[in-house]
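Asks: One structure is given below, represented as structure tokens, and several questions about it will come after.
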Amino acid sequence: MDQPSIEIVEVSPRDGLQNEATPFSTDEKVALIEGCLGAGLRRIEVASFVNPARVPQMADAEAVLARLSPAAFDGAIGLVLNERGLDRALATPLQEINYVVVVTETFSEKNQGASVEENLAMAANVTRRAREAGLRTSITVSAAFGCPYEGEVTPQQLYAIVDQVADLEPFEIAIADTIGVAVPRDVHERMQGVREIVGSRPIQLRCHFHNTRNTGLANAMAAVEEGVTVLDASLGGIGGCPFAPNATGNIPTEDLAYMLSRSGYHLGVDFARLFEVVDLLSQKLPNPVPGLLTRAGMFPALS
């Protein structure tokens, strides 16, 4: 019997690095991306087309893309937050972009300088233009479980946004716990509601969890139990949102891959090569990465 498959979207080159104070050179970013590719990670967030004054770590997006191998573009993803970002992405070989819609007004203004309504209108324009240019568009619904400024986010608030996003017909909708407040019960409830809203439309569902309160891996498994087959993760667990206070810590890719592989899912990941890339990050960053698998080692041990 074939193993069920889970796809990991590697976000360390974008979501991982954007909140790190340690600068990474263009060559180091390219080495990170190519290392992820060599470890079997096929979909990778490689760049963010945002204002370099606001996110300096992402200032060299075009330079990074210019140095990637052709194979990287089969699954490379670029983040865009407005039409200016889309214009930049369209001038590159990227075949996929990700747009972000925030559930709450205050965070939407902080993240993109626009109201939720304005952001949804922009998402419609970006999705349409990207489709006309032959690019796939995924839309991340951010602050889906809680907001750093407004507090609790109700399921009804989330569903109202997902309903409007689904009408734009992206190929994928990602539900993001941007500040790491969710617990598995929340994930079960909200993913069931999201799936009902999407209905029979050909929209893939994906989840993005932060491990801020040490619930990220449990939430990822809850999402899988609800039929989600695509999960975001970041090597070593690095990352966070610069515009969301205390939004630290993505799920460590290697820890997630270990949990899922031991649970009987096929990932296509080479753990030995994955460890090598985590080691590159560990040597560069001033503090140990949050991920635990590279400290404890595989079980059974890698031969």
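Convention: chains lettered A, B, ... in structure tokens order; per-chain residue numbering from 1; ligands numbered from 1 as shown.
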Residues of region 9-49 of chain A within 7 Å of region 227-243 of chain A: nearest atom pair and distance (Å, one decimal) for each, counting only C-alpha atoms, sorted by chain and number, as CSV?
Replies:
```
residue,atom,partner,partner_atom,distance
A:Val9,CA,A:Asp232,CA,4.6
A:Glu10,CA,A:Ala233,CA,5.4
A:Val11,CA,A:Ser234,CA,5.0
A:Ser12,CA,A:Ser234,CA,4.4
A:Asp15,CA,A:Gly239,CA,5.5
A:Gly16,CA,A:Gly239,CA,3.6
A:Leu17,CA,A:Gly239,CA,5.9
A:Gln18,CA,A:Gly239,CA,6.7
A:Asn19,CA,A:Gly240,CA,5.5
A:Glu20,CA,A:Gly239,CA,6.8
```
Asks: Find the spatial neighbours of region 285-298 of chain A, counting only C-alpha atoms, within a cut-off of 9 Å - ignore same-chain residues fewer than 2 positions away - and output them as a count of residues only.
Replies: 24
Asks: Run DSSP on the backbone and tell me which residues of region 52-255 of chain A come out as helix (DSSP H, G or I); list them as a PyMOL selection string.
Replies: chain A and resi 56-58+61-67+70-74+83-90+105-112+116-132+155-167+184-198+216-225+235-237+253-255
Asks: Would you kindly return, as a ChimeraX atom specification, each protein, DNA or RNA residue with an atom no farther than 7 Å from any atom of Ile33 (chain A), considering only C-alpha atoms and excluding same-chain residues fewer than 4 positions away?
Replies: /A:13,29,37,46
Asks: Which residues are near region 265-267 of chain A? Cut-off 9 Å, only C-alpha atoms, ignore same chain within fewer than 2 positions. Put them as a list in words.
Replies: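 Residues near the query, excluding close chain neighbours: Asp2, Gln3, Pro4, Ser5, Ile6, Glu7, Ile8, Gly40, Leu41, Ala257, Leu260, Ser261, Arg262, Ser263, Val269 and Asp270 of chain A.
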Asks: Create the file for the chosen residues now, containing N, CA, C and O atoms and written as a compact mmCIF listing (two decimals), in the first residue's frame.
Replies:
```txt
# COMPACT_ATOMS: atom_id res chain seq x y z
N ASP A 2 0.56 2.21 -0.90
CA ASP A 2 1.36 3.42 -1.01
C ASP A 2 1.17 4.30 0.23
O ASP A 2 0.08 4.41 0.78
N GLN A 3 2.28 4.94 0.62
CA GLN A 3 2.20 5.88 1.73
C GLN A 3 1.50 7.17 1.28
O GLN A 3 1.74 7.65 0.17
N PRO A 4 0.66 7.75 2.13
CA PRO A 4 0.12 9.08 1.79
C PRO A 4 1.24 10.10 1.82
O PRO A 4 2.21 9.97 2.57
N SER A 5 1.12 11.13 0.99
CA SER A 5 2.18 12.13 0.86
C SER A 5 1.79 13.44 1.52
O SER A 5 0.63 13.84 1.49
N ILE A 6 2.79 14.08 2.11
CA ILE A 6 2.66 15.43 2.62
C ILE A 6 3.73 16.28 1.95
O ILE A 6 4.89 15.87 1.87
N GLU A 7 3.35 17.46 1.49
CA GLU A 7 4.31 18.38 0.88
C GLU A 7 4.70 19.44 1.90
O GLU A 7 3.84 20.08 2.51
N ILE A 8 6.00 19.62 2.07
CA ILE A 8 6.50 20.68 2.92
C ILE A 8 6.93 21.86 2.05
O ILE A 8 7.71 21.69 1.12
N GLY A 40 15.64 17.60 -1.12
CA GLY A 40 14.35 17.05 -1.54
C GLY A 40 13.17 17.97 -1.33
O GLY A 40 12.03 17.57 -1.57
N LEU A 41 13.42 19.21 -0.89
CA LEU A 41 12.34 20.18 -0.71
C LEU A 41 12.09 20.88 -2.05
O LEU A 41 12.98 21.55 -2.57
N ALA A 257 9.39 16.98 9.55
CA ALA A 257 9.63 15.85 8.66
C ALA A 257 9.81 14.55 9.44
O ALA A 257 9.32 13.49 9.02
N LEU A 260 6.31 13.42 10.75
CA LEU A 260 5.45 12.91 9.70
C LEU A 260 5.96 11.60 9.12
O LEU A 260 5.18 10.69 8.83
N SER A 261 7.28 11.49 8.94
CA SER A 261 7.82 10.25 8.39
C SER A 261 7.61 9.08 9.35
O SER A 261 7.28 7.97 8.93
N ARG A 262 7.78 9.33 10.65
CA ARG A 262 7.53 8.29 11.66
C ARG A 262 6.04 7.95 11.76
O ARG A 262 5.67 6.88 12.24
N SER A 263 5.21 8.87 11.28
CA SER A 263 3.76 8.64 11.30
C SER A 263 3.26 7.97 10.02
O SER A 263 2.05 7.78 9.86
N VAL A 269 12.12 13.58 1.53
CA VAL A 269 13.18 14.37 2.14
C VAL A 269 14.39 13.50 2.44
O VAL A 269 14.27 12.37 2.93
N ASP A 270 15.57 14.00 2.14
CA ASP A 270 16.84 13.35 2.48
C ASP A 270 17.32 13.96 3.80
O ASP A 270 17.81 15.09 3.82
```
Asks: Within 7 Å of region 198-211 of chain A, which residues of region 163-183 of chain A show up? Give each one with its shortest atom-to-atom distance in Å (one decimal) and the two atoms involved, counting only C-alpha atoms, rows by chain then rising residue number, as JSON lines.
Replies:
```
{"residue": "A:Ala166", "atom": "CA", "partner": "A:Val198", "partner_atom": "CA", "distance": 6.3}
{"residue": "A:Pro170", "atom": "CA", "partner": "A:Ile203", "partner_atom": "CA", "distance": 6.6}
{"residue": "A:Phe171", "atom": "CA", "partner": "A:Ile203", "partner_atom": "CA", "distance": 5.0}
{"residue": "A:Glu172", "atom": "CA", "partner": "A:Gln204", "partner_atom": "CA", "distance": 4.4}
{"residue": "A:Ile173", "atom": "CA", "partner": "A:Leu205", "partner_atom": "CA", "distance": 5.2}
{"residue": "A:Ala174", "atom": "CA", "partner": "A:Arg206", "partner_atom": "CA", "distance": 4.4}
{"residue": "A:Ile175", "atom": "CA", "partner": "A:Cys207", "partner_atom": "CA", "distance": 4.8}
{"residue": "A:Ala176", "atom": "CA", "partner": "A:His208", "partner_atom": "CA", "distance": 4.5}
{"residue": "A:Asp177", "atom": "CA", "partner": "A:Phe209", "partner_atom": "CA", "distance": 5.0}
{"residue": "A:Thr178", "atom": "CA", "partner": "A:His210", "partner_atom": "CA", "distance": 6.2}
{"residue": "A:Ile179", "atom": "CA", "partner": "A:His210", "partner_atom": "CA", "distance": 6.3}
{"residue": "A:Gly180", "atom": "CA", "partner": "A:His210", "partner_atom": "CA", "distance": 4.6}
```
Asks: How would the residues just chosen look if you wrote them out with C-alpha atoms as a PDB file, in the first residue's frame?
Replies:
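Now in result.pdb:
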```pdb
ATOM      1  CA  ALA A 166     -11.973  31.620  -2.280  1.00  0.00           C
ATOM      2  CA  PRO A 170      -6.313  31.025  -6.225  1.00  0.00           C
ATOM      3  CA  PHE A 171      -4.906  27.553  -6.693  1.00  0.00           C
ATOM      4  CA  GLU A 172      -4.188  27.383  -2.952  1.00  0.00           C
ATOM      5  CA  ILE A 173      -5.264  29.047   0.300  1.00  0.00           C
ATOM      6  CA  ALA A 174      -2.894  28.922   3.273  1.00  0.00           C
ATOM      7  CA  ILE A 175      -4.285  29.380   6.784  1.00  0.00           C
ATOM      8  CA  ALA A 176      -1.628  31.005   8.973  1.00  0.00           C
ATOM      9  CA  ASP A 177      -1.273  31.140  12.751  1.00  0.00           C
ATOM     10  CA  THR A 178       0.999  34.146  12.499  1.00  0.00           C
ATOM     11  CA  ILE A 179       1.626  34.604  16.217  1.00  0.00           C
ATOM     12  CA  GLY A 180       1.492  30.978  17.331  1.00  0.00           C
TER      13      GLY A 180
END
```
Asks: Please list as a ChimeraX atom specification every residue within 10 Å of Glu225 (chain A), counting only C-alpha atoms and excluding residues in the same chain fewer than 3 positions away.
Replies: /A:187-188,191,219-222,228-229
Asks: Would you write out, as JSON lines, a table of all residues in region 110-140 of chain A that have an atom no more than 8 Å from an atom of region 88-106 of chain A, listing for each the closest atom pair and the distance in Å to one decimal, considering only C-alpha atoms and ordering rows by chain and rising residue number?
Replies:
```
{"residue": "A:Lys110", "atom": "CA", "partner": "A:Thr106", "partner_atom": "CA", "distance": 6.3}
{"residue": "A:Ser115", "atom": "CA", "partner": "A:Glu105", "partner_atom": "CA", "distance": 5.7}
{"residue": "A:Val116", "atom": "CA", "partner": "A:Glu105", "partner_atom": "CA", "distance": 5.7}
{"residue": "A:Asn119", "atom": "CA", "partner": "A:Val101", "partner_atom": "CA", "distance": 6.3}
{"residue": "A:Leu120", "atom": "CA", "partner": "A:Val101", "partner_atom": "CA", "distance": 6.7}
{"residue": "A:Ala123", "atom": "CA", "partner": "A:Tyr99", "partner_atom": "CA", "distance": 6.8}
{"residue": "A:Val126", "atom": "CA", "partner": "A:Tyr99", "partner_atom": "CA", "distance": 8.0}
{"residue": "A:Ala130", "atom": "CA", "partner": "A:Leu90", "partner_atom": "CA", "distance": 8.0}
{"residue": "A:Ala133", "atom": "CA", "partner": "A:Leu90", "partner_atom": "CA", "distance": 7.8}
{"residue": "A:Gly134", "atom": "CA", "partner": "A:Gln95", "partner_atom": "CA", "distance": 7.4}
{"residue": "A:Leu135", "atom": "CA", "partner": "A:Gln95", "partner_atom": "CA", "distance": 4.9}
{"residue": "A:Arg136", "atom": "CA", "partner": "A:Glu96", "partner_atom": "CA", "distance": 4.6}
{"residue": "A:Thr137", "atom": "CA", "partner": "A:Ile97", "partner_atom": "CA", "distance": 5.1}
{"residue": "A:Ser138", "atom": "CA", "partner": "A:Asn98", "partner_atom": "CA", "distance": 4.8}
{"residue": "A:Ile139", "atom": "CA", "partner": "A:Tyr99", "partner_atom": "CA", "distance": 4.8}
{"residue": "A:Thr140", "atom": "CA", "partner": "A:Val100", "partner_atom": "CA", "distance": 4.7}
```
Asks: Of the candidates A:Val64, A:Leu86, A:Val183, A:Val141, which one gets nearest to Arg128 (chain A) if we count only C-alpha atoms?
Replies: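 Going through A:Val64, A:Leu86, A:Val183, A:Val141 one by one, the smallest distance to Arg128 (chain A) is for A:Leu86.
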Asks: Check the smallest atom-to-atom distance from each of A:Val277, A:Ala72, A:Val165, A:Cys36 to Glu117 (chain A) using only C-alpha atoms, then report the winner.
Replies: A:Val165
Asks: Which value, in Å to one decimal, gives the distance between CA of Ala39 (chain A) and CA of Glu226 (chain A)?
Replies: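 Spanning CA of Ala39 (chain A) to CA of Glu226 (chain A) is a straight-line distance of 27.1 Å.
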Asks: Please extract the residues of region 24-266 of chain A with a backbone DSSP assignment of strand (DSSP E) and present them as an NGL selection string.
Replies: :A and (43-49 or 76-80 or 96-102 or 136-142 or 146-147 or 151-152 or 172-177 or 204-209 or 230-233)
Asks: Using only C-alpha atoms, which of the listed residues (A:Arg54, A:Arg84, A:Arg131, A:Arg190) sits closest to Asn111 (chain A)?
Replies: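 Closest to Asn111 (chain A) of all the choices is A:Arg54.
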